[in-house]
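Peer 1: Data: final_3.cif, mmCIF, C-alpha atoms (C1' of nucleotides).
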```cif
data_input
#
loop_
_atom_site.label_atom_id
_atom_site.label_comp_id
_atom_site.auth_asym_id
_atom_site.auth_seq_id
_atom_site.Cartn_x
_atom_site.Cartn_y
_atom_site.Cartn_z
CA MET X 1 -24.15 16.28 -28.62
CA GLY X 2 -22.03 13.66 -30.32
CA ARG X 3 -22.08 9.92 -29.80
CA PRO X 4 -23.21 8.97 -26.29
CA ARG X 5 -21.13 6.79 -24.00
CA ASP X 6 -21.84 3.10 -24.26
CA THR X 7 -23.02 2.02 -20.83
CA ARG X 8 -21.93 -1.55 -21.52
CA VAL X 9 -18.37 -0.21 -21.70
CA ASP X 10 -18.80 1.45 -18.29
CA GLN X 11 -19.85 -1.84 -16.81
CA ALA X 12 -17.26 -3.98 -18.60
CA VAL X 13 -14.45 -1.74 -17.36
CA LEU X 14 -15.59 -1.86 -13.74
CA ASP X 15 -16.17 -5.62 -13.89
CA ALA X 16 -12.73 -6.22 -15.39
CA ALA X 17 -11.11 -4.02 -12.75
CA ARG X 18 -12.86 -5.91 -9.95
CA ALA X 19 -11.88 -9.28 -11.38
CA LEU X 20 -8.26 -8.25 -11.74
CA LEU X 21 -8.13 -6.72 -8.27
CA ALA X 22 -9.25 -10.06 -6.89
CA GLU X 23 -6.74 -11.98 -9.00
CA VAL X 24 -3.57 -9.90 -8.89
CA GLY X 25 -4.15 -7.19 -6.28
CA TYR X 26 -3.78 -3.45 -6.50
CA ALA X 27 -0.12 -3.26 -7.51
CA GLY X 28 -0.48 -6.11 -10.01
CA LEU X 29 -3.41 -4.50 -11.79
CA THR X 30 -2.39 -2.85 -15.06
CA MET X 31 -4.50 -0.60 -17.23
CA ASP X 32 -3.61 -2.63 -20.32
CA ALA X 33 -4.90 -5.77 -18.62
CA VAL X 34 -8.14 -4.02 -17.66
CA ALA X 35 -8.61 -2.85 -21.24
CA ALA X 36 -7.89 -6.30 -22.65
CA ARG X 37 -10.17 -8.09 -20.19
CA ALA X 38 -12.97 -5.59 -20.78
CA GLY X 39 -12.48 -5.76 -24.55
CA VAL X 40 -12.14 -1.99 -24.83
CA GLY X 41 -9.41 0.48 -25.73
CA LYS X 42 -7.41 2.21 -23.04
CA ALA X 43 -8.78 5.55 -24.15
CA ALA X 44 -12.26 4.40 -23.21
CA ILE X 45 -11.02 3.77 -19.66
CA TYR X 46 -9.24 7.09 -19.33
CA ARG X 47 -12.28 8.88 -20.72
CA ARG X 48 -14.13 7.62 -17.62
CA HIS X 49 -11.41 7.46 -14.96
CA ALA X 50 -8.53 9.93 -14.90
CA THR X 51 -6.06 7.64 -13.15
CA LYS X 52 -5.60 4.08 -11.95
CA GLN X 53 -6.45 5.28 -8.45
CA ALA X 54 -9.73 6.72 -9.70
CA LEU X 55 -10.58 3.52 -11.55
CA VAL X 56 -9.94 1.34 -8.52
CA PHE X 57 -11.88 3.74 -6.33
CA ALA X 58 -14.82 3.63 -8.70
CA ALA X 59 -14.66 -0.14 -9.07
CA ALA X 60 -14.25 -1.18 -5.46
CA VAL X 61 -15.22 1.69 -3.16
CA HIS X 62 -17.68 4.10 -4.70
CA GLY X 63 -21.29 3.20 -4.24
CA VAL X 64 -20.52 0.13 -2.20
CA GLU X 65 -23.35 1.13 0.09
CA LEU X 66 -22.59 -0.49 3.36
CA GLU X 67 -26.22 -1.11 4.08
CA PRO X 68 -27.34 0.53 7.31
CA PRO X 69 -27.22 -2.01 10.13
CA PRO X 70 -30.67 -3.48 10.85
CA ASP X 71 -32.40 -3.01 14.19
CA THR X 72 -32.21 -6.46 15.72
CA GLY X 73 -33.81 -5.39 18.98
CA SER X 74 -30.71 -5.53 21.15
CA LEU X 75 -27.30 -3.90 21.31
CA LEU X 76 -25.59 -7.27 21.10
CA GLY X 77 -27.53 -8.23 17.98
CA ASP X 78 -26.90 -4.84 16.37
CA LEU X 79 -23.18 -5.06 17.04
CA GLU X 80 -22.95 -8.52 15.54
CA ALA X 81 -24.89 -7.40 12.46
CA LEU X 82 -22.61 -4.37 12.15
CA ALA X 83 -19.54 -6.58 12.37
CA ARG X 84 -20.96 -8.93 9.75
CA VAL X 85 -21.44 -6.08 7.30
CA ILE X 86 -17.86 -4.92 7.69
CA VAL X 87 -16.49 -8.46 7.51
CA ALA X 88 -18.49 -9.15 4.37
CA HIS X 89 -17.25 -5.96 2.76
CA LEU X 90 -13.59 -6.53 3.63
CA GLY X 91 -13.95 -10.17 2.68
CA ASN X 92 -14.86 -9.22 -0.87
CA PRO X 93 -11.80 -10.33 -2.84
CA ALA X 94 -11.74 -7.08 -4.83
CA ALA X 95 -12.41 -4.66 -1.96
CA ALA X 96 -9.61 -5.68 0.35
CA PRO X 97 -6.69 -5.20 -2.07
CA ALA X 98 -8.28 -2.01 -3.36
CA LEU X 99 -8.68 -0.54 0.09
CA MET X 100 -5.15 -1.38 1.16
CA GLY X 101 -3.68 -0.05 -2.08
CA LEU X 102 -5.63 3.19 -1.93
CA LEU X 103 -4.94 3.65 1.77
CA ALA X 104 -1.23 3.23 1.15
CA GLU X 105 -1.27 5.87 -1.59
CA ALA X 106 -3.51 8.17 0.41
CA GLY X 107 -0.62 8.84 2.76
CA ALA X 108 0.89 11.35 0.37
CA ASP X 109 -2.21 12.36 -1.56
CA THR X 110 -4.68 14.30 0.55
CA SER X 111 -7.51 14.47 -1.97
CA LEU X 112 -7.65 10.69 -2.21
CA GLY X 113 -7.75 10.53 1.57
CA HIS X 114 -10.69 12.93 1.60
CA ALA X 115 -12.53 10.88 -1.00
CA LEU X 116 -12.01 7.68 0.94
CA CYS X 117 -13.16 9.43 4.09
CA SER X 118 -16.40 10.74 2.73
CA ALA X 119 -17.21 7.58 0.79
CA LEU X 120 -16.49 4.96 3.41
CA ILE X 121 -15.43 6.22 6.76
CA GLU X 122 -18.20 8.76 7.23
CA VAL X 123 -20.84 6.26 6.14
CA GLU X 124 -19.56 3.65 8.52
CA ARG X 125 -19.31 6.17 11.31
CA GLU X 126 -22.94 7.09 10.87
CA GLY X 127 -23.93 3.43 11.01
CA ASN X 128 -22.01 3.07 14.24
CA ALA X 129 -23.63 6.15 15.72
CA ALA X 130 -27.09 4.86 14.80
CA VAL X 131 -26.51 1.58 16.60
CA LEU X 132 -25.25 3.30 19.72
CA GLU X 133 -28.07 5.84 19.80
CA ARG X 134 -30.58 3.04 19.47
CA ALA X 135 -29.04 1.31 22.49
CA VAL X 136 -29.33 4.50 24.52
CA ARG X 137 -32.97 4.87 23.52
CA ARG X 138 -33.64 1.27 24.55
CA GLY X 139 -32.04 1.96 27.90
CA GLU X 140 -29.24 -0.56 27.34
CA LEU X 141 -26.65 2.20 27.66
CA ALA X 142 -26.86 5.00 30.19
CA ARG X 143 -25.31 7.52 27.84
CA LEU X 144 -23.63 7.75 24.45
CA PRO X 145 -20.06 6.38 24.45
CA ASP X 146 -17.00 7.92 22.83
CA ILE X 147 -18.00 7.55 19.18
CA ASP X 148 -14.60 8.34 17.67
CA LEU X 149 -13.01 5.66 19.76
CA PHE X 150 -15.77 3.16 19.12
CA HIS X 151 -15.53 3.80 15.40
CA ALA X 152 -11.76 3.31 15.30
CA MET X 153 -12.02 0.23 17.49
CA PHE X 154 -14.75 -1.50 15.56
CA GLY X 155 -13.42 -0.90 12.06
CA GLY X 156 -9.79 -1.17 13.11
CA THR X 157 -10.28 -4.51 14.80
CA VAL X 158 -11.84 -6.06 11.71
CA LEU X 159 -9.19 -4.48 9.47
CA SER X 160 -6.36 -5.76 11.62
CA TRP X 161 -7.92 -9.21 12.03
CA MET X 162 -8.49 -9.75 8.32
CA LEU X 163 -5.72 -7.86 6.56
CA VAL X 164 -2.85 -7.72 9.03
CA VAL X 165 -3.01 -10.75 11.29
CA ARG X 166 -5.10 -12.69 8.76
CA LEU X 167 -7.15 -15.02 10.89
CA PRO X 168 -10.30 -16.89 9.81
CA THR X 169 -13.42 -14.78 10.14
CA ASP X 170 -16.09 -17.34 11.03
CA GLU X 171 -16.32 -16.39 14.67
CA LEU X 172 -15.05 -12.83 14.51
CA PRO X 173 -18.43 -11.03 14.39
CA ARG X 174 -19.77 -12.92 17.39
CA ARG X 175 -16.62 -12.63 19.49
CA LEU X 176 -16.15 -8.95 18.68
CA ALA X 177 -19.80 -8.14 19.30
CA GLU X 178 -19.86 -9.96 22.64
CA PHE X 179 -16.73 -8.22 23.80
CA MET X 180 -17.88 -4.76 22.73
CA ASP X 181 -21.31 -5.33 24.23
CA LYS X 182 -19.85 -6.06 27.64
CA ALA X 183 -17.31 -3.26 27.27
CA LEU X 184 -19.91 -0.64 26.41
CA ARG X 185 -22.22 -1.66 29.22
CA ALA X 186 -19.32 -1.57 31.68
CA SER X 187 -18.01 1.86 30.74
CA HIS X 188 -20.78 3.53 32.73
CA MET U 1 37.97 -12.32 0.56
CA GLY U 2 37.90 -9.16 -1.46
CA ARG U 3 37.11 -5.63 -0.40
CA PRO U 4 34.80 -5.53 2.63
CA ARG U 5 31.49 -3.68 2.59
CA ASP U 6 31.71 -0.10 3.76
CA THR U 7 29.45 0.13 6.80
CA ARG U 8 29.00 3.86 6.23
CA VAL U 9 27.28 2.94 2.97
CA ASP U 10 24.92 0.59 4.82
CA GLN U 11 23.96 3.39 7.17
CA ALA U 12 23.72 6.09 4.51
CA VAL U 13 21.35 3.93 2.43
CA LEU U 14 19.04 3.20 5.35
CA ASP U 15 19.08 6.84 6.49
CA ALA U 16 18.27 8.07 2.99
CA ALA U 17 15.45 5.56 2.67
CA ARG U 18 13.95 6.65 5.98
CA ALA U 19 14.19 10.32 5.07
CA LEU U 20 12.54 9.76 1.70
CA LEU U 21 9.81 7.58 3.18
CA ALA U 22 8.96 10.44 5.51
CA GLU U 23 9.04 12.99 2.70
CA VAL U 24 7.39 11.26 -0.25
CA GLY U 25 5.90 8.04 1.10
CA TYR U 26 6.28 4.47 -0.08
CA ALA U 27 5.06 4.87 -3.65
CA GLY U 28 6.97 8.12 -4.12
CA LEU U 29 10.27 6.63 -3.01
CA THR U 30 12.53 5.78 -5.95
CA MET U 31 15.73 3.80 -5.84
CA ASP U 32 17.50 6.50 -7.85
CA ALA U 33 16.52 9.08 -5.26
CA VAL U 34 17.78 6.86 -2.43
CA ALA U 35 21.08 6.38 -4.23
CA ALA U 36 21.44 10.10 -4.92
CA ARG U 37 20.54 11.13 -1.36
CA ALA U 38 22.89 8.55 0.12
CA GLY U 39 25.65 9.51 -2.28
CA VAL U 40 26.11 5.93 -3.48
CA GLY U 41 25.57 3.98 -6.67
CA LYS U 42 22.43 1.95 -7.18
CA ALA U 43 24.49 -1.22 -7.34
CA ALA U 44 25.56 -0.63 -3.75
CA ILE U 45 21.91 -0.62 -2.70
CA TYR U 46 20.99 -3.74 -4.63
CA ARG U 47 24.07 -5.50 -3.26
CA ARG U 48 22.43 -5.10 0.18
CA HIS U 49 18.70 -5.21 -0.57
CA ALA U 50 17.29 -7.33 -3.36
CA THR U 51 14.20 -5.19 -3.99
CA LYS U 52 12.58 -1.93 -3.01
CA GLN U 53 10.34 -3.88 -0.66
CA ALA U 54 13.37 -5.36 1.06
CA LEU U 55 15.00 -1.96 1.38
CA VAL U 56 11.92 -0.40 2.94
CA PHE U 57 11.51 -3.38 5.21
CA ALA U 58 15.10 -3.09 6.38
CA ALA U 59 14.91 0.68 6.79
CA ALA U 60 11.60 1.00 8.62
CA VAL U 61 10.58 -2.36 10.06
CA HIS U 62 13.49 -4.66 10.77
CA GLY U 63 15.03 -4.25 14.19
CA VAL U 64 12.59 -1.60 15.27
CA GLU U 65 12.37 -3.35 18.61
CA LEU U 66 9.10 -2.32 20.07
CA GLU U 67 10.45 -2.27 23.58
CA PRO U 68 8.58 -4.61 25.89
CA PRO U 69 5.92 -2.68 27.80
CA PRO U 70 7.09 -1.77 31.31
CA ASP U 71 5.38 -3.08 34.42
CA THR U 72 3.64 0.01 35.77
CA GLY U 73 1.97 -1.85 38.62
CA SER U 74 -1.56 -1.82 37.25
CA LEU U 75 -3.43 -3.08 34.21
CA LEU U 76 -4.58 0.43 33.36
CA GLY U 77 -1.04 1.79 33.49
CA ASP U 78 0.32 -1.13 31.45
CA LEU U 79 -2.34 -0.65 28.79
CA GLU U 80 -1.61 3.04 28.48
CA ALA U 81 2.12 2.36 28.20
CA LEU U 82 1.43 -0.30 25.57
CA ALA U 83 -0.69 2.14 23.59
CA ARG U 84 1.99 4.80 23.82
CA VAL U 85 4.59 2.45 22.37
CA ILE U 86 2.38 1.63 19.39
CA VAL U 87 1.39 5.25 18.86
CA ALA U 88 5.02 6.34 18.97
CA HIS U 89 5.99 3.68 16.46
CA LEU U 90 3.17 4.44 14.04
CA GLY U 91 3.76 8.16 14.55
CA ASN U 92 7.28 7.82 13.17
CA PRO U 93 7.06 9.62 9.83
CA ALA U 94 9.00 6.87 8.08
CA ALA U 95 7.32 3.87 9.69
CA ALA U 96 3.73 4.67 8.84
CA PRO U 97 4.12 4.98 5.04
CA ALA U 98 6.41 1.98 5.03
CA LEU U 99 3.97 -0.18 6.93
CA MET U 100 1.02 0.79 4.76
CA GLY U 101 2.98 0.29 1.56
CA LEU U 102 4.32 -3.09 2.59
CA LEU U 103 0.95 -4.21 3.92
CA ALA U 104 -0.67 -3.28 0.62
CA GLU U 105 1.89 -5.30 -1.34
CA ALA U 106 1.75 -8.20 1.10
CA GLY U 107 -1.74 -9.00 -0.16
CA ALA U 108 -0.34 -10.76 -3.21
CA ASP U 109 3.08 -11.70 -1.88
CA THR U 110 2.93 -14.26 0.89
CA SER U 111 6.62 -14.24 1.83
CA LEU U 112 6.49 -10.53 2.59
CA GLY U 113 3.43 -11.15 4.72
CA HIS U 114 5.32 -13.79 6.68
CA ALA U 115 8.26 -11.48 7.20
CA LEU U 116 6.03 -8.68 8.45
CA CYS U 117 4.29 -11.11 10.75
CA SER U 118 7.37 -12.49 12.41
CA ALA U 119 9.07 -9.10 12.68
CA LEU U 120 6.23 -7.00 14.00
CA ILE U 121 3.03 -8.79 14.68
CA GLU U 122 4.44 -11.65 16.70
CA VAL U 123 6.54 -9.28 18.77
CA GLU U 124 3.57 -7.08 19.53
CA ARG U 125 1.41 -10.06 20.30
CA GLU U 126 3.91 -11.25 22.88
CA GLY U 127 3.95 -7.81 24.48
CA ASN U 128 0.19 -7.88 24.70
CA ALA U 129 0.19 -11.35 26.22
CA ALA U 130 2.76 -10.29 28.83
CA VAL U 131 0.59 -7.38 29.96
CA LEU U 132 -2.50 -9.56 30.24
CA GLU U 133 -0.71 -12.34 32.09
CA ARG U 134 0.66 -9.81 34.56
CA ALA U 135 -2.86 -8.56 35.21
CA VAL U 136 -4.04 -12.11 35.91
CA ARG U 137 -1.14 -12.66 38.30
CA ARG U 138 -1.99 -9.43 40.12
CA GLY U 139 -5.58 -10.60 40.45
CA GLU U 140 -6.95 -7.73 38.36
CA LEU U 141 -8.35 -10.20 35.84
CA ALA U 142 -10.00 -13.45 36.82
CA ARG U 143 -8.66 -15.27 33.80
CA LEU U 144 -6.81 -14.66 30.55
CA PRO U 145 -8.95 -12.95 27.89
CA ASP U 146 -9.17 -13.83 24.21
CA ILE U 147 -5.65 -12.83 23.17
CA ASP U 148 -6.22 -12.94 19.40
CA LEU U 149 -9.14 -10.58 19.74
CA PHE U 150 -7.31 -8.31 22.17
CA HIS U 151 -4.31 -8.16 19.85
CA ALA U 152 -6.39 -7.27 16.80
CA MET U 153 -8.38 -4.73 18.79
CA PHE U 154 -5.46 -2.94 20.36
CA GLY U 155 -3.26 -2.69 17.28
CA GLY U 156 -6.17 -2.27 14.91
CA THR U 157 -7.65 0.60 16.86
CA VAL U 158 -4.41 2.57 16.82
CA LEU U 159 -3.88 1.75 13.14
CA SER U 160 -7.36 2.87 12.22
CA TRP U 161 -7.20 5.99 14.39
CA MET U 162 -3.89 7.18 13.00
CA LEU U 163 -3.80 5.99 9.40
CA VAL U 164 -7.41 5.65 8.34
CA VAL U 165 -9.50 8.13 10.26
CA ARG U 166 -6.45 10.32 11.01
CA LEU U 167 -7.32 11.95 14.28
CA PRO U 168 -4.87 13.65 16.67
CA THR U 169 -3.17 11.20 19.00
CA ASP U 170 -2.69 13.24 22.17
CA GLU U 171 -5.46 11.58 24.11
CA LEU U 172 -5.64 8.27 22.28
CA PRO U 173 -3.46 6.18 24.64
CA ARG U 174 -5.38 7.31 27.72
CA ARG U 175 -8.84 6.92 26.20
CA LEU U 176 -8.04 3.55 24.64
CA ALA U 177 -6.42 2.25 27.82
CA GLU U 178 -9.32 3.36 30.01
CA PHE U 179 -11.84 1.74 27.69
CA MET U 180 -9.95 -1.52 27.38
CA ASP U 181 -9.31 -1.62 31.11
CA LYS U 182 -13.03 -1.45 31.89
CA ALA U 183 -13.84 -3.81 29.05
CA LEU U 184 -11.40 -6.48 30.19
CA ARG U 185 -12.54 -6.28 33.81
CA ALA U 186 -16.16 -6.54 32.71
CA SER U 187 -15.74 -9.56 30.44
CA HIS U 188 -15.51 -11.85 33.45
"C1'" DG V 1 -25.16 16.21 -44.71
"C1'" DA V 2 -22.12 18.84 -41.18
"C1'" DC V 3 -20.57 18.36 -36.67
"C1'" DT V 4 -19.38 16.27 -32.46
"C1'" DT V 5 -18.19 12.71 -29.45
"C1'" DA V 6 -17.44 7.80 -28.71
"C1'" DC V 7 -15.28 3.54 -30.14
"C1'" DG V 8 -11.05 -0.20 -30.63
"C1'" DA V 9 -6.44 -0.45 -31.82
"C1'" DG V 10 -2.02 0.63 -31.45
"C1'" DA V 11 2.06 3.87 -31.44
"C1'" DC V 12 4.21 6.84 -28.38
"C1'" DT V 13 6.39 9.29 -24.07
"C1'" DA V 14 8.09 9.33 -19.46
"C1'" DA V 15 9.33 7.31 -15.32
"C1'" DG V 16 10.93 3.84 -12.39
"C1'" DA V 17 12.69 -1.11 -10.97
"C1'" DG V 18 16.32 -3.80 -11.62
"C1'" DT V 19 20.81 -5.24 -14.34
"C1'" DT V 20 25.24 -4.73 -16.23
"C1'" DC V 21 29.60 -2.78 -17.24
"C1'" DC V 22 33.19 0.52 -16.43
"C1'" DG V 23 37.62 2.23 -14.17
"C1'" DG V 24 39.33 2.27 -9.83
"C1'" DA V 25 39.94 1.23 -4.75
"C1'" DA V 26 40.51 -1.98 -0.77
"C1'" DC V 27 41.47 -6.17 1.13
"C1'" DT V 28 43.53 -11.36 1.29
"C1'" DG V 29 46.59 -14.99 0.24
"C1'" DT V 30 50.99 -16.34 -1.69
"C1'" DA L 1 55.11 -7.36 -4.78
"C1'" DC L 2 51.35 -9.26 -7.20
"C1'" DA L 3 47.21 -11.92 -8.45
"C1'" DG L 4 42.54 -12.62 -7.30
"C1'" DT L 5 38.35 -11.08 -5.37
"C1'" DT L 6 34.86 -7.99 -3.89
"C1'" DC L 7 33.80 -3.57 -3.20
"C1'" DC L 8 32.95 1.50 -4.84
"C1'" DG L 9 30.40 5.52 -7.70
"C1'" DG L 10 28.70 6.37 -12.09
"C1'" DA L 11 26.28 5.62 -15.99
"C1'" DA L 12 24.16 3.11 -19.68
"C1'" DC L 13 20.93 -0.24 -20.42
"C1'" DT L 14 16.30 -3.36 -20.50
"C1'" DC L 15 11.65 -3.92 -19.33
"C1'" DT L 16 7.35 -2.77 -17.55
"C1'" DT L 17 3.63 0.38 -16.84
"C1'" DA L 18 0.84 4.90 -16.42
"C1'" DG L 19 -0.87 8.01 -19.25
"C1'" DT L 20 -1.31 10.52 -24.05
"C1'" DC L 21 -2.23 10.78 -28.78
"C1'" DT L 22 -3.62 9.60 -33.40
"C1'" DC L 23 -5.65 6.72 -36.49
"C1'" DG L 24 -10.05 5.16 -39.13
"C1'" DT L 25 -14.76 4.33 -37.98
"C1'" DA L 26 -19.44 4.28 -35.70
"C1'" DA L 27 -23.31 6.67 -33.53
"C1'" DG L 28 -25.60 10.13 -32.24
"C1'" DT L 29 -27.55 15.73 -32.79
"C1'" DC L 30 -28.67 19.99 -35.48
#
```
Can the structure from this file be put into structure tokens for me?
Peer 2:
Amino acid sequence: MGRPRDTRVDQAVLDAARALLAEVGYAGLTMDAVAARAGVGKAAIYRRHATKQALVFAAAVHGVELEPPPDTGSLLGDLEALARVIVAHLGNPAAAPALMGLLAEAGADTSLGHALCSALIEVEREGNAAVLERAVRRGELARLPDIDLFHAMFGGTVLSWMLVVRLPTDELPRRLAEFMDKALRASH
Amino acid sequence: MGRPRDTRVDQAVLDAARALLAEVGYAGLTMDAVAARAGVGKAAIYRRHATKQALVFAAAVHGVELEPPPDTGSLLGDLEALARVIVAHLGNPAAAPALMGLLAEAGADTSLGHALCSALIEVEREGNAAVLERAVRRGELARLPDIDLFHAMFGGTVLSWMLVVRLPTDELPRRLAEFMDKALRASH
DNA sequence: GACTTACGAGACTAAGAGTTCCGGAACTGT
DNA sequence: ACAGTTCCGGAACTCTTAGTCTCGTAAGTC
């Protein structure tokens, strides 16, 4: 009933939000700027996204689809592929500011934390588990390692490397994968 | 010349900021609330801290003095002590929101990033290096590992565990230390 | 054609960062 | 003692921004 939503507006809003996230970061992004860049009214944004948080979440987190890590045939190869996926995602100039901004605000707001969890963290955790289970099946690992710890280590290392310490990422996937490969094989 | 600053005001402002950070987080902290809680005028705050960022930095980051990790006699013990220091610091109800908030804003602002680096990251990195060098001297490690990677892994894991995935921290120092101990010994 | 919802545009409210001014207090130099 | 300076709490102020609301109009359904 009534006039249907214009899907070009949906897209223009998300595109504008991503562009502005990359240019001015989470705190610097204003709803007026998004509306102006998208060539739409602010009401059209708020009709789709209740808050700035929700807009940023939709633009930079939702449906990002960390593709499941491919089976490269070895644990080392799988780990490097896994690291490359995370590095590529965090290297996206819109995703990094969005993630940090949302994570900072999720401290107080529990529902946002839950949304982030189910959208990103759970997905990534499952990818990690798949890689490790494959290694067990291949016989590369004697038994399944501590998945919580592995998950925090793998994602946390990339996060810290890129967004806290801020080092170049060319060699990170290889170095991280080699280290974790040896570590996993050594921990019985 | 002129009336000297009242040091009780300095302290009251920082205490109020820490209390509010713990209660309402970085985004929820307002300068008016800090002034009211501290029983001072806003001008007294801005006379000491140019911006909200600077206030939070001074209240929750500056001079935190991650104490240098003690020599426990073994790499495993040193690693667990190191992890406990980081967990304790990030577990501080004022420090965690402050760090996330500042880190999120540091994306756009480079000077804040530099300040965070020299105040926290460099200090922690030196602590890490000290532990690893001690292990080499003891003969537990054949040679010095990749310190950049170790630094990002150790801090990043705790960060991710506590602030992203949000799991209980009782066993984290032991599990992380045991894993890293085996990993370091295994990586030649 | 009646009704409903979307649209861009812009006015509007509320809240918060940062500034400025007040009357008064504390300290320094003469 | 007194002038000059910097502090103090308090409050009024500017400016920016999130979010709401109201226009007049367009695009659909019954």
Peer 1: In Å, with one decimal, what is the gap from CA of Ala183 (chain X) to CA of Asp78 (chain X)?
Peer 2: 14.6 Å
Peer 1: Give me, as a count of residues only, the contact residues of chain V against chain X at a cut-off of 10 Å, counting all atoms listed in the file.
Peer 2: 8
Peer 1: Quick one: which residues from chain X are at most 6 Å off chain U, using all atoms listed in the file, as a list in words?
Peer 2: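 Output check: Met100, Gly101, Ala104, Ala152, Met153, Gly156, Thr157, Ser160, Trp161, Ala183 and Ala186 of chain X.
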Peer 1: Please determine, counting all atoms listed in the file, which residue among L:DG4, L:DG9, L:DG24, L:DG19 has the shortest atom-to-atom distance to chain X.
Peer 2: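 Looking only at the distances to chain X, the closest residue turns out to be L:DG19.
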Peer 1: Report, in Å with one decimal, the straight-line distance from CA of Ile86 (chain X) to CA of Pro168 (chain X).
Peer 2: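 Going from CA of Ile86 (chain X) over to CA of Pro168 (chain X) covers 14.3 Å.
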Peer 1: The PyMOL selection byres ((chain U and resi 53-60) around 7) - which residues does that actually catch in the file I just gave you? List them as a PyMOL selection string.
Peer 2: chain U and resi 14+17-18+49-52+61-62+94-95+98+102
Peer 1: For chain L against chain U, which residues fall within 12 Å using all atoms listed in the file, given as a list in words?
Peer 2: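 Here is what falls inside 12 Å: DA3, DG4, DT5, DT6, DC7, DC8, DG9, DG10 and DA11 of chain L.
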Peer 1: Apply the PyMOL selection byres ((chain U and resi 80) around 8) to the file shown and report the selected residues as a list in words.
Peer 2: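 Written out, the selection comes to Leu76, Gly77, Asp78, Leu79, Ala81, Leu82, Ala83, Arg84, Pro173, Arg174, Leu176, Ala177 and Glu178 of chain U.
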Peer 1: I'd like the interatomic distance between CA of Ile147 (chain U) and CA of Ala129 (chain U), to a tenth of an Å.
Peer 2: 6.8 Å
